[in-house]
Amino acid sequence: MKNVLFAISGPSGVGKGTLVKMLLEGDENLVSSVSCTTRAPRAGEADGKDYFFIDRDTFEKKIAAGGFLEYDEHFGNYYGTPLSFVEEMLAKKSVILEIDVKGAMSAKAKKPDTVTVFIAPPSAEELKKRLRGRQSESEQQISERVARAAYEESFARRYDYTVVNDDLQEAYARLRQIVEAERAKG
Ligand code: 5GP
C-alpha cells in the first residue's frame with residue numbers, strides 16, 4: 001500500500017468537513033495535515049492540533065527557506081501547509097489536506113503526485129438551502145458564499161476526481177473508494 005497525499009476542496013457548506021472526518025475515523029493509516037498560520041488562536045484551539053500558530057517573522061523566514069508546500073494570505077494573515085511536516089507524515093501514512101482551490105492547485109504543481117478531489121453540491125439551490133439550514137450566515141453572506149462556490153466550481157474540472165455530495169453515505173463510499181484505489185496504485 002502506497003502513502004498518498006490527498007488535497008480535498010469544496011465550497012463552504014458542501015459537507016466537506018463531515019466527509020473528511022468520516023474518512024479519518026474509519027482509517028488509521030490516514031491523517032489530516034496541520035497548517036501554519038499567523039492568526040491568533042480562537043477559544044478552544046490548540047497549537048499543533050488546529051494549527052501551528054507562529055508569528056509573521058517566523059512565517060516569512062519559512063517561506064524564504066522553501067518550507068511550505070503552498071501558502072496564501074486570507075484576511076490579512078498567512079496560512080500555509082508545512083512541507084517537512086507533510087513529508088514526515090507521508091513517510092508513515094496517507095495525508096489529507098483540506099484546502100481551497102488555489103491551495104490545491106499549488107500543492108499539485110509542487111507535488112504532482114498529489115491526488116485532488118473536489119466535493120461539489122448537487123446544485124447551487126441545494127447549497128443555498130444547506131447554508132440557510134446552518135443558520136450561521138446572513139442572507140448577504142449566503143449570497144457571497146454561493147457566488148464564491150460558483151467560482152470554485154469553475155476549477156472542478158482541473159481536479160483528478162469530483163464527488164457530488166447529494167447523499168452523505170454515497171459520497172463517503174465514493175471517497176473511500178478513491179482513497180483505496182489510489183493507495184493500491186503501485
Ligand atoms: P480560519 O482562520 O477560519 O481557520 O481559516 C481561514 C481560511 O484559511 C480558510 O478559508 C481556510 O481554508 C484557509 N486555510 C487554512 N489553512 C490553510 C493552508 O494551509 N493553506 C491555505 N492556502 N489556506 C488555508
# chains A, B, ... in the order shown; residues from 1 in each chain; ligands from 1

call {"tool": "residues_around", "arguments": {"residues": "Tyr161 of chain A", "least_positions_apart": "3", "cutoff": "9 Å", "atoms": "only C-alpha atoms", "output": "PyMOL selection string"}}
result
chain A and resi 115-119+156-158+178

call {"tool": "closest_atom_pairs", "arguments": {"of": "segment 14-69 of chain A", "to": "segment 86-109 of chain A", "cutoff": "6 Å", "atoms": "only C-alpha atoms", "output": "JSON lines"}}
result
{"residue": "A:Asn29", "atom": "CA", "partner": "A:Lys93", "partner_atom": "CA", "distance": 5.0}
{"residue": "A:Leu30", "atom": "CA", "partner": "A:Ser94", "partner_atom": "CA", "distance": 4.8}
{"residue": "A:Val31", "atom": "CA", "partner": "A:Val95", "partner_atom": "CA", "distance": 5.0}
{"residue": "A:Ser32", "atom": "CA", "partner": "A:Ile96", "partner_atom": "CA", "distance": 4.7}
{"residue": "A:Ser33", "atom": "CA", "partner": "A:Leu97", "partner_atom": "CA", "distance": 5.6}
{"residue": "A:Leu69", "atom": "CA", "partner": "A:Ala107", "partner_atom": "CA", "distance": 5.8}

call {"tool": "residues_near_ligand", "arguments": {"ligand": "ligand 1", "cutoff": "7 Å", "atoms": "only C-alpha atoms and all ligand atoms", "output": "list in words"}}
result
Ser35, Cys36, Arg39, Glu70, Tyr71, Asp72, His74, Tyr79, Gly80, Thr81, Ile99, Asp100, Lys102 and Gly103 of chain A

call {"tool": "residues_around", "arguments": {"residues": "Pro11 of chain A", "least_positions_apart": "4", "cutoff": "9 Å", "atoms": "only C-alpha atoms", "output": "PyMOL selection string"}}
result
chain A and resi 15-16+100+118-121+127+145-146+148-150+152-153

call {"tool": "atom_distance", "arguments": {"atom1": "atom CA of Ile142 of chain A", "atom2": "atom CA of Ala124 of chain A"}}
result
11.1 Å

call {"tool": "select_by_dssp", "arguments": {"residues": "segment 13-71 of chain A", "states": "strand (DSSP E or B)", "output": "mmCIF file with N, CA and C atoms, in the first residue's frame"}}
result
data_model
loop_
_atom_site.group_PDB
_atom_site.id
_atom_site.type_symbol
_atom_site.label_atom_id
_atom_site.label_comp_id
_atom_site.auth_asym_id
_atom_site.auth_seq_id
_atom_site.Cartn_x
_atom_site.Cartn_y
_atom_site.Cartn_z
ATOM 1 N N LEU A 30 -4.615 7.018 7.759
ATOM 2 C CA LEU A 30 -4.914 8.295 7.109
ATOM 3 C C LEU A 30 -4.924 9.388 8.178
ATOM 4 N N VAL A 31 -4.208 10.461 7.931
ATOM 5 C CA VAL A 31 -4.200 11.581 8.890
ATOM 6 C C VAL A 31 -4.447 12.892 8.155
ATOM 7 N N SER A 32 -4.828 13.886 8.935
ATOM 8 C CA SER A 32 -5.075 15.198 8.364
ATOM 9 C C SER A 32 -3.865 16.082 8.658
ATOM 10 N N SER A 35 -1.956 22.949 9.384
ATOM 11 C CA SER A 35 -1.374 24.116 8.710
ATOM 12 C C SER A 35 -0.723 25.069 9.701
ATOM 13 N N CYS A 36 0.135 25.925 9.178
ATOM 14 C CA CYS A 36 0.690 27.027 9.981
ATOM 15 C C CYS A 36 -0.152 28.270 9.719
ATOM 16 N N THR A 37 -0.328 29.101 10.708
ATOM 17 C CA THR A 37 -0.995 30.393 10.498
ATOM 18 C C THR A 37 -0.406 31.463 11.397
ATOM 19 N N ASP A 47 -2.500 24.605 19.811
ATOM 20 C CA ASP A 47 -1.326 24.664 18.938
ATOM 21 C C ASP A 47 -0.880 23.243 18.596
ATOM 22 N N TYR A 51 -3.925 24.291 14.363
ATOM 23 C CA TYR A 51 -2.899 24.946 13.537
ATOM 24 C C TYR A 51 -1.599 24.934 14.317
ATOM 25 N N PHE A 52 -0.501 25.224 13.627
ATOM 26 C CA PHE A 52 0.718 25.660 14.298
ATOM 27 C C PHE A 52 0.660 27.178 14.272
ATOM 28 N N PHE A 53 0.529 27.790 15.413
ATOM 29 C CA PHE A 53 0.417 29.249 15.479
ATOM 30 C C PHE A 53 1.819 29.850 15.562
ATOM 31 N N PHE A 68 7.199 25.743 2.702
ATOM 32 C CA PHE A 68 5.761 25.476 2.518
ATOM 33 C C PHE A 68 5.474 24.757 1.202
ATOM 34 N N LEU A 69 4.581 23.808 1.284
ATOM 35 C CA LEU A 69 4.094 23.158 0.064
ATOM 36 C C LEU A 69 3.274 24.178 -0.715
ATOM 37 N N GLU A 70 2.512 24.980 0.010
ATOM 38 C CA GLU A 70 1.773 26.119 -0.551
ATOM 39 C C GLU A 70 1.425 27.029 0.610
ATOM 40 N N TYR A 71 1.209 28.290 0.304
ATOM 41 C CA TYR A 71 0.745 29.214 1.341
ATOM 42 C C TYR A 71 -0.055 30.317 0.679
#

call {"tool": "closest_residue", "arguments": {"among": "A:Ser9, A:Asn3, A:Gln141, A:Thr38", "to": "Val164 of chain A", "atoms": "only C-alpha atoms"}}
result
A:Ser9

call {"tool": "select_by_dssp", "arguments": {"residues": "segment 6-184 of chain A", "states": "alpha helix (DSSP H)", "output": "MDAnalysis selection string"}}
result
chainID A and resid 16:25 56:64 83:90 101:110 124:134 139:153 168:184

call {"tool": "residues_around", "arguments": {"residues": "Glu182 of chain A", "least_positions_apart": "2", "cutoff": "10 Å", "atoms": "only C-alpha atoms", "output": "PDB file with all heavy atoms, in the first residue's frame"}}
result
ATOM      1  N   MET A   1       0.844  -1.205   0.000  1.00  0.00           N
ATOM      2  CA  MET A   1       0.000   0.000   0.000  1.00  0.00           C
ATOM      3  C   MET A   1       0.878   1.253   0.000  1.00  0.00           C
ATOM      4  O   MET A   1       1.808   1.361   0.786  1.00  0.00           O
ATOM      5  CB  MET A   1      -0.910  -0.020   1.239  1.00  0.00           C
ATOM      6  CG  MET A   1      -2.011   0.987   1.170  1.00  0.00           C
ATOM      7  SD  MET A   1      -3.241   0.745   2.489  1.00  0.00           S
ATOM      8  CE  MET A   1      -2.355   1.296   3.935  1.00  0.00           C
ATOM      9  N   LYS A   2       0.559   2.160  -0.896  1.00  0.00           N
ATOM     10  CA  LYS A   2       1.344   3.387  -1.026  1.00  0.00           C
ATOM     11  C   LYS A   2       0.732   4.486  -0.153  1.00  0.00           C
ATOM     12  O   LYS A   2      -0.477   4.539   0.018  1.00  0.00           O
ATOM     13  CB  LYS A   2       1.260   3.780  -2.508  1.00  0.00           C
ATOM     14  CG  LYS A   2       2.230   4.835  -2.937  1.00  0.00           C
ATOM     15  CD  LYS A   2       2.161   5.042  -4.448  1.00  0.00           C
ATOM     16  CE  LYS A   2       0.846   5.675  -4.860  1.00  0.00           C
ATOM     17  NZ  LYS A   2       0.900   6.352  -6.167  1.00  0.00           N
ATOM     18  N   ASN A   3       1.571   5.363   0.386  1.00  0.00           N
ATOM     19  CA  ASN A   3       1.042   6.526   1.104  1.00  0.00           C
ATOM     20  C   ASN A   3       0.809   7.649   0.103  1.00  0.00           C
ATOM     21  O   ASN A   3       1.684   7.965  -0.691  1.00  0.00           O
ATOM     22  CB  ASN A   3       2.005   6.979   2.193  1.00  0.00           C
ATOM     23  CG  ASN A   3       2.116   5.944   3.289  1.00  0.00           C
ATOM     24  OD1 ASN A   3       1.194   5.161   3.503  1.00  0.00           O
ATOM     25  ND2 ASN A   3       3.237   5.923   3.972  1.00  0.00           N
ATOM     26  N   VAL A   4      -0.376   8.230   0.148  1.00  0.00           N
ATOM     27  CA  VAL A   4      -0.778   9.209  -0.869  1.00  0.00           C
ATOM     28  C   VAL A   4      -1.135  10.536  -0.202  1.00  0.00           C
ATOM     29  O   VAL A   4      -1.697  10.550   0.891  1.00  0.00           O
ATOM     30  CB  VAL A   4      -2.011   8.680  -1.653  1.00  0.00           C
ATOM     31  CG1 VAL A   4      -2.445   9.656  -2.742  1.00  0.00           C
ATOM     32  CG2 VAL A   4      -1.738   7.311  -2.253  1.00  0.00           C
ATOM     33  N   LEU A   5      -0.802  11.632  -0.878  1.00  0.00           N
ATOM     34  CA  LEU A   5      -1.229  12.956  -0.412  1.00  0.00           C
ATOM     35  C   LEU A   5      -2.517  13.331  -1.157  1.00  0.00           C
ATOM     36  O   LEU A   5      -2.527  13.394  -2.391  1.00  0.00           O
ATOM     37  CB  LEU A   5      -0.134  13.986  -0.690  1.00  0.00           C
ATOM     38  CG  LEU A   5      -0.434  15.414  -0.234  1.00  0.00           C
ATOM     39  CD1 LEU A   5      -0.618  15.482   1.282  1.00  0.00           C
ATOM     40  CD2 LEU A   5       0.681  16.367  -0.662  1.00  0.00           C
ATOM     41  N   PHE A   6      -3.590  13.532  -0.408  1.00  0.00           N
ATOM     42  CA  PHE A   6      -4.880  13.926  -0.993  1.00  0.00           C
ATOM     43  C   PHE A   6      -5.139  15.398  -0.677  1.00  0.00           C
ATOM     44  O   PHE A   6      -4.979  15.824   0.476  1.00  0.00           O
ATOM     45  CB  PHE A   6      -6.029  13.102  -0.395  1.00  0.00           C
ATOM     46  CG  PHE A   6      -5.957  11.639  -0.736  1.00  0.00           C
ATOM     47  CD1 PHE A   6      -5.379  10.728   0.150  1.00  0.00           C
ATOM     48  CD2 PHE A   6      -6.451  11.168  -1.942  1.00  0.00           C
ATOM     49  CE1 PHE A   6      -5.303   9.373  -0.157  1.00  0.00           C
ATOM     50  CE2 PHE A   6      -6.383   9.812  -2.267  1.00  0.00           C
ATOM     51  CZ  PHE A   6      -5.805   8.917  -1.367  1.00  0.00           C
ATOM     52  N   VAL A 115      -3.149  13.754  -5.132  1.00  0.00           N
ATOM     53  CA  VAL A 115      -4.442  13.385  -5.724  1.00  0.00           C
ATOM     54  C   VAL A 115      -5.473  14.426  -5.268  1.00  0.00           C
ATOM     55  O   VAL A 115      -5.689  14.609  -4.070  1.00  0.00           O
ATOM     56  CB  VAL A 115      -4.860  11.960  -5.293  1.00  0.00           C
ATOM     57  CG1 VAL A 115      -6.265  11.627  -5.793  1.00  0.00           C
ATOM     58  CG2 VAL A 115      -3.848  10.947  -5.821  1.00  0.00           C
ATOM     59  N   ARG A 176     -14.152   6.930  -0.160  1.00  0.00           N
ATOM     60  CA  ARG A 176     -13.366   5.804   0.375  1.00  0.00           C
ATOM     61  C   ARG A 176     -12.801   4.960  -0.763  1.00  0.00           C
ATOM     62  O   ARG A 176     -11.647   4.555  -0.742  1.00  0.00           O
ATOM     63  CB  ARG A 176     -14.246   4.969   1.315  1.00  0.00           C
ATOM     64  CG  ARG A 176     -13.620   3.722   1.777  1.00  0.00           C
ATOM     65  CD  ARG A 176     -13.558   3.470   3.281  1.00  0.00           C
ATOM     66  NE  ARG A 176     -13.097   4.528   4.136  1.00  0.00           N
ATOM     67  CZ  ARG A 176     -11.794   4.826   4.375  1.00  0.00           C
ATOM     68  NH1 ARG A 176     -10.832   4.193   3.759  1.00  0.00           N
ATOM     69  NH2 ARG A 176     -11.461   5.767   5.208  1.00  0.00           N
ATOM     70  N   GLN A 177     -13.642   4.761  -1.803  1.00  0.00           N
ATOM     71  CA  GLN A 177     -13.222   4.004  -2.987  1.00  0.00           C
ATOM     72  C   GLN A 177     -11.998   4.690  -3.646  1.00  0.00           C
ATOM     73  O   GLN A 177     -11.046   4.032  -4.040  1.00  0.00           O
ATOM     74  CB  GLN A 177     -14.373   4.093  -3.985  1.00  0.00           C
ATOM     75  CG  GLN A 177     -14.740   2.830  -4.689  1.00  0.00           C
ATOM     76  CD  GLN A 177     -15.989   3.114  -5.547  1.00  0.00           C
ATOM     77  OE1 GLN A 177     -16.159   4.213  -6.088  1.00  0.00           O
ATOM     78  NE2 GLN A 177     -16.840   2.121  -5.652  1.00  0.00           N
ATOM     79  N   ILE A 178     -12.055   6.016  -3.735  1.00  0.00           N
ATOM     80  CA  ILE A 178     -10.959   6.781  -4.344  1.00  0.00           C
ATOM     81  C   ILE A 178      -9.682   6.603  -3.520  1.00  0.00           C
ATOM     82  O   ILE A 178      -8.605   6.333  -4.065  1.00  0.00           O
ATOM     83  CB  ILE A 178     -11.340   8.287  -4.469  1.00  0.00           C
ATOM     84  CG1 ILE A 178     -12.456   8.461  -5.490  1.00  0.00           C
ATOM     85  CG2 ILE A 178     -10.128   9.143  -4.825  1.00  0.00           C
ATOM     86  CD1 ILE A 178     -13.120   9.843  -5.490  1.00  0.00           C
ATOM     87  N   VAL A 179      -9.820   6.733  -2.186  1.00  0.00           N
ATOM     88  CA  VAL A 179      -8.657   6.597  -1.301  1.00  0.00           C
ATOM     89  C   VAL A 179      -8.028   5.208  -1.472  1.00  0.00           C
ATOM     90  O   VAL A 179      -6.819   5.074  -1.667  1.00  0.00           O
ATOM     91  CB  VAL A 179      -9.064   6.861   0.177  1.00  0.00           C
ATOM     92  CG1 VAL A 179      -7.967   6.440   1.146  1.00  0.00           C
ATOM     93  CG2 VAL A 179      -9.414   8.333   0.376  1.00  0.00           C
ATOM     94  N   GLU A 180      -8.876   4.165  -1.446  1.00  0.00           N
ATOM     95  CA  GLU A 180      -8.353   2.788  -1.573  1.00  0.00           C
ATOM     96  C   GLU A 180      -7.695   2.580  -2.932  1.00  0.00           C
ATOM     97  O   GLU A 180      -6.614   2.008  -3.024  1.00  0.00           O
ATOM     98  CB  GLU A 180      -9.466   1.737  -1.391  1.00  0.00           C
ATOM     99  CG  GLU A 180     -10.222   1.773  -0.060  1.00  0.00           C
ATOM    100  CD  GLU A 180      -9.312   1.656   1.157  1.00  0.00           C
ATOM    101  OE1 GLU A 180      -8.182   1.162   1.035  1.00  0.00           O
ATOM    102  OE2 GLU A 180      -9.751   2.092   2.250  1.00  0.00           O
ATOM    103  N   ALA A 184      -3.722   1.728  -3.691  1.00  0.00           N
ATOM    104  CA  ALA A 184      -3.379   0.423  -4.281  1.00  0.00           C
ATOM    105  C   ALA A 184      -2.519   0.577  -5.537  1.00  0.00           C
ATOM    106  O   ALA A 184      -1.904  -0.394  -5.997  1.00  0.00           O
ATOM    107  CB  ALA A 184      -4.660  -0.329  -4.605  1.00  0.00           C
ATOM    108  N   LYS A 185      -2.491   1.790  -6.109  1.00  0.00           N
ATOM    109  CA  LYS A 185      -1.681   2.014  -7.325  1.00  0.00           C
ATOM    110  C   LYS A 185      -0.210   1.881  -6.968  1.00  0.00           C
ATOM    111  O   LYS A 185       0.246   2.411  -5.959  1.00  0.00           O
ATOM    112  CB  LYS A 185      -1.926   3.413  -7.887  1.00  0.00           C
ATOM    113  CG  LYS A 185      -3.207   3.525  -8.676  1.00  0.00           C
ATOM    114  CD  LYS A 185      -3.288   4.902  -9.312  1.00  0.00           C
ATOM    115  CE  LYS A 185      -4.636   5.108  -9.990  1.00  0.00           C
ATOM    116  NZ  LYS A 185      -4.812   6.526 -10.376  1.00  0.00           N
ATOM    117  N   GLY A 186       0.538   1.190  -7.799  1.00  0.00           N
ATOM    118  CA  GLY A 186       1.949   0.902  -7.470  1.00  0.00           C
ATOM    119  C   GLY A 186       2.900   2.042  -7.507  1.00  0.00           C
ATOM    120  O   GLY A 186       2.684   3.168  -7.625  1.00  0.00           O
TER     121      GLY A 186
END

call {"tool": "residues_around", "arguments": {"residues": "Thr18 of chain A", "least_positions_apart": "6", "cutoff": "12 Å", "atoms": "only C-alpha atoms", "output": "mmCIF file with C-alpha atoms, in the first residue's frame"}}
result
data_model
loop_
_atom_site.group_PDB
_atom_site.id
_atom_site.type_symbol
_atom_site.label_atom_id
_atom_site.label_comp_id
_atom_site.auth_asym_id
_atom_site.auth_seq_id
_atom_site.Cartn_x
_atom_site.Cartn_y
_atom_site.Cartn_z
ATOM 1 C CA GLY A 10 -15.179 22.207 -1.995
ATOM 2 C CA SER A 12 -18.344 26.221 2.218
ATOM 3 C CA LEU A 24 -10.278 9.769 9.123
ATOM 4 C CA GLU A 25 -12.413 7.913 11.658
ATOM 5 C CA GLU A 98 -8.452 20.159 3.398
ATOM 6 C CA ILE A 119 -16.583 17.936 -3.357
ATOM 7 C CA ASN A 165 -22.392 15.279 -2.115
ATOM 8 C CA LEU A 168 -23.777 11.753 2.502
ATOM 9 C CA GLN A 169 -23.312 7.967 2.739
ATOM 10 C CA ALA A 171 -20.440 10.483 -1.195
ATOM 11 C CA TYR A 172 -18.483 8.884 1.659
#

call {"tool": "atom_distance", "arguments": {"atom1": "atom CA of Phe155 of chain A", "atom2": "atom CA of Pro112 of chain A"}}
result
16.8 Å

call {"tool": "atom_distance", "arguments": {"atom1": "atom CA of Gly48 of chain A", "atom2": "atom CA of Lys110 of chain A"}}
result
23.9 Å

call {"tool": "decode", "arguments": {"residues": "segment 45-57 of chain A", "atoms": "all heavy atoms", "output": "short mmCIF file (atom, residue, chain, number, x, y, z; two decimals), in the first residue's frame"}}
result
data_model
loop_
_atom_site.label_atom_id
_atom_site.label_comp_id
_atom_site.auth_asym_id
_atom_site.auth_seq_id
_atom_site.Cartn_x
_atom_site.Cartn_y
_atom_site.Cartn_z
N GLU A 45 -8.95 26.43 20.55
CA GLU A 45 -8.00 25.90 19.56
C GLU A 45 -6.66 25.59 20.22
O GLU A 45 -6.20 26.34 21.07
CB GLU A 45 -7.79 26.92 18.43
CG GLU A 45 -8.93 26.94 17.44
CD GLU A 45 -8.68 27.88 16.27
OE1 GLU A 45 -7.89 28.82 16.40
OE2 GLU A 45 -9.32 27.69 15.23
N ALA A 46 -6.05 24.49 19.81
CA ALA A 46 -4.78 24.08 20.40
C ALA A 46 -3.66 24.13 19.36
O ALA A 46 -3.86 23.74 18.21
CB ALA A 46 -4.92 22.68 20.96
N ASP A 47 -2.50 24.61 19.81
CA ASP A 47 -1.33 24.66 18.94
C ASP A 47 -0.88 23.24 18.60
O ASP A 47 -0.78 22.39 19.47
CB ASP A 47 -0.19 25.42 19.66
CG ASP A 47 0.99 25.68 18.74
OD1 ASP A 47 0.78 26.09 17.58
OD2 ASP A 47 2.14 25.46 19.17
N GLY A 48 -0.65 23.01 17.31
CA GLY A 48 -0.20 21.68 16.88
C GLY A 48 -1.35 20.75 16.56
O GLY A 48 -1.16 19.67 16.01
N LYS A 49 -2.58 21.18 16.90
CA LYS A 49 -3.74 20.35 16.61
C LYS A 49 -4.60 21.05 15.55
O LYS A 49 -4.85 20.52 14.48
CB LYS A 49 -4.53 20.12 17.89
CG LYS A 49 -5.71 19.18 17.72
CD LYS A 49 -6.33 18.81 19.06
CE LYS A 49 -7.65 18.12 18.89
NZ LYS A 49 -8.75 19.08 18.67
N ASP A 50 -5.06 22.26 15.87
CA ASP A 50 -5.87 23.01 14.90
C ASP A 50 -4.96 23.69 13.88
O ASP A 50 -5.24 23.69 12.68
CB ASP A 50 -6.72 24.04 15.64
CG ASP A 50 -7.66 23.36 16.61
OD1 ASP A 50 -8.65 22.79 16.14
OD2 ASP A 50 -7.37 23.35 17.82
N TYR A 51 -3.92 24.29 14.36
CA TYR A 51 -2.90 24.95 13.54
C TYR A 51 -1.60 24.93 14.32
O TYR A 51 -1.60 24.73 15.54
CB TYR A 51 -3.26 26.44 13.32
CG TYR A 51 -4.35 26.71 12.31
CD1 TYR A 51 -5.62 27.07 12.73
CD2 TYR A 51 -4.09 26.65 10.94
CE1 TYR A 51 -6.63 27.35 11.80
CE2 TYR A 51 -5.09 26.94 10.01
CZ TYR A 51 -6.35 27.28 10.44
OH TYR A 51 -7.33 27.56 9.53
N PHE A 52 -0.50 25.22 13.63
CA PHE A 52 0.72 25.66 14.30
C PHE A 52 0.66 27.18 14.27
O PHE A 52 0.66 27.77 13.19
CB PHE A 52 1.96 25.16 13.55
CG PHE A 52 2.12 23.66 13.58
CD1 PHE A 52 1.91 22.91 12.43
CD2 PHE A 52 2.47 23.01 14.76
CE1 PHE A 52 2.05 21.52 12.45
CE2 PHE A 52 2.62 21.63 14.79
CZ PHE A 52 2.40 20.89 13.64
N PHE A 53 0.53 27.79 15.41
CA PHE A 53 0.42 29.25 15.48
C PHE A 53 1.82 29.85 15.56
O PHE A 53 2.53 29.62 16.55
CB PHE A 53 -0.43 29.65 16.69
CG PHE A 53 -1.85 29.18 16.59
CD1 PHE A 53 -2.28 28.03 17.25
CD2 PHE A 53 -2.79 29.86 15.80
CE1 PHE A 53 -3.59 27.57 17.13
CE2 PHE A 53 -4.10 29.41 15.69
CZ PHE A 53 -4.49 28.26 16.36
N ILE A 54 2.20 30.58 14.51
CA ILE A 54 3.56 31.16 14.50
C ILE A 54 3.46 32.65 14.16
O ILE A 54 2.44 33.10 13.62
CB ILE A 54 4.50 30.42 13.51
CG1 ILE A 54 4.01 30.50 12.05
CG2 ILE A 54 4.68 28.96 13.91
CD1 ILE A 54 4.95 29.83 11.04
N ASP A 55 4.51 33.42 14.47
CA ASP A 55 4.43 34.86 14.16
C ASP A 55 4.84 35.11 12.71
O ASP A 55 5.36 34.23 12.03
CB ASP A 55 5.23 35.69 15.17
CG ASP A 55 6.70 35.38 15.15
OD1 ASP A 55 7.25 35.13 14.06
OD2 ASP A 55 7.32 35.36 16.24
N ARG A 56 4.56 36.33 12.26
CA ARG A 56 4.78 36.72 10.87
C ARG A 56 6.23 36.57 10.44
O ARG A 56 6.53 36.11 9.34
CB ARG A 56 4.34 38.18 10.70
CG ARG A 56 3.38 38.36 9.60
CD ARG A 56 2.91 39.77 9.43
NE ARG A 56 2.75 39.99 8.00
CZ ARG A 56 1.70 39.60 7.31
NH1 ARG A 56 0.69 38.98 7.88
NH2 ARG A 56 1.64 39.82 6.00
N ASP A 57 7.11 36.96 11.33
CA ASP A 57 8.54 36.90 11.02
C ASP A 57 8.97 35.44 10.78
O ASP A 57 9.64 35.13 9.79
CB ASP A 57 9.31 37.53 12.19
CG ASP A 57 10.78 37.67 11.85
OD1 ASP A 57 11.07 38.16 10.74
OD2 ASP A 57 11.62 37.27 12.67
#
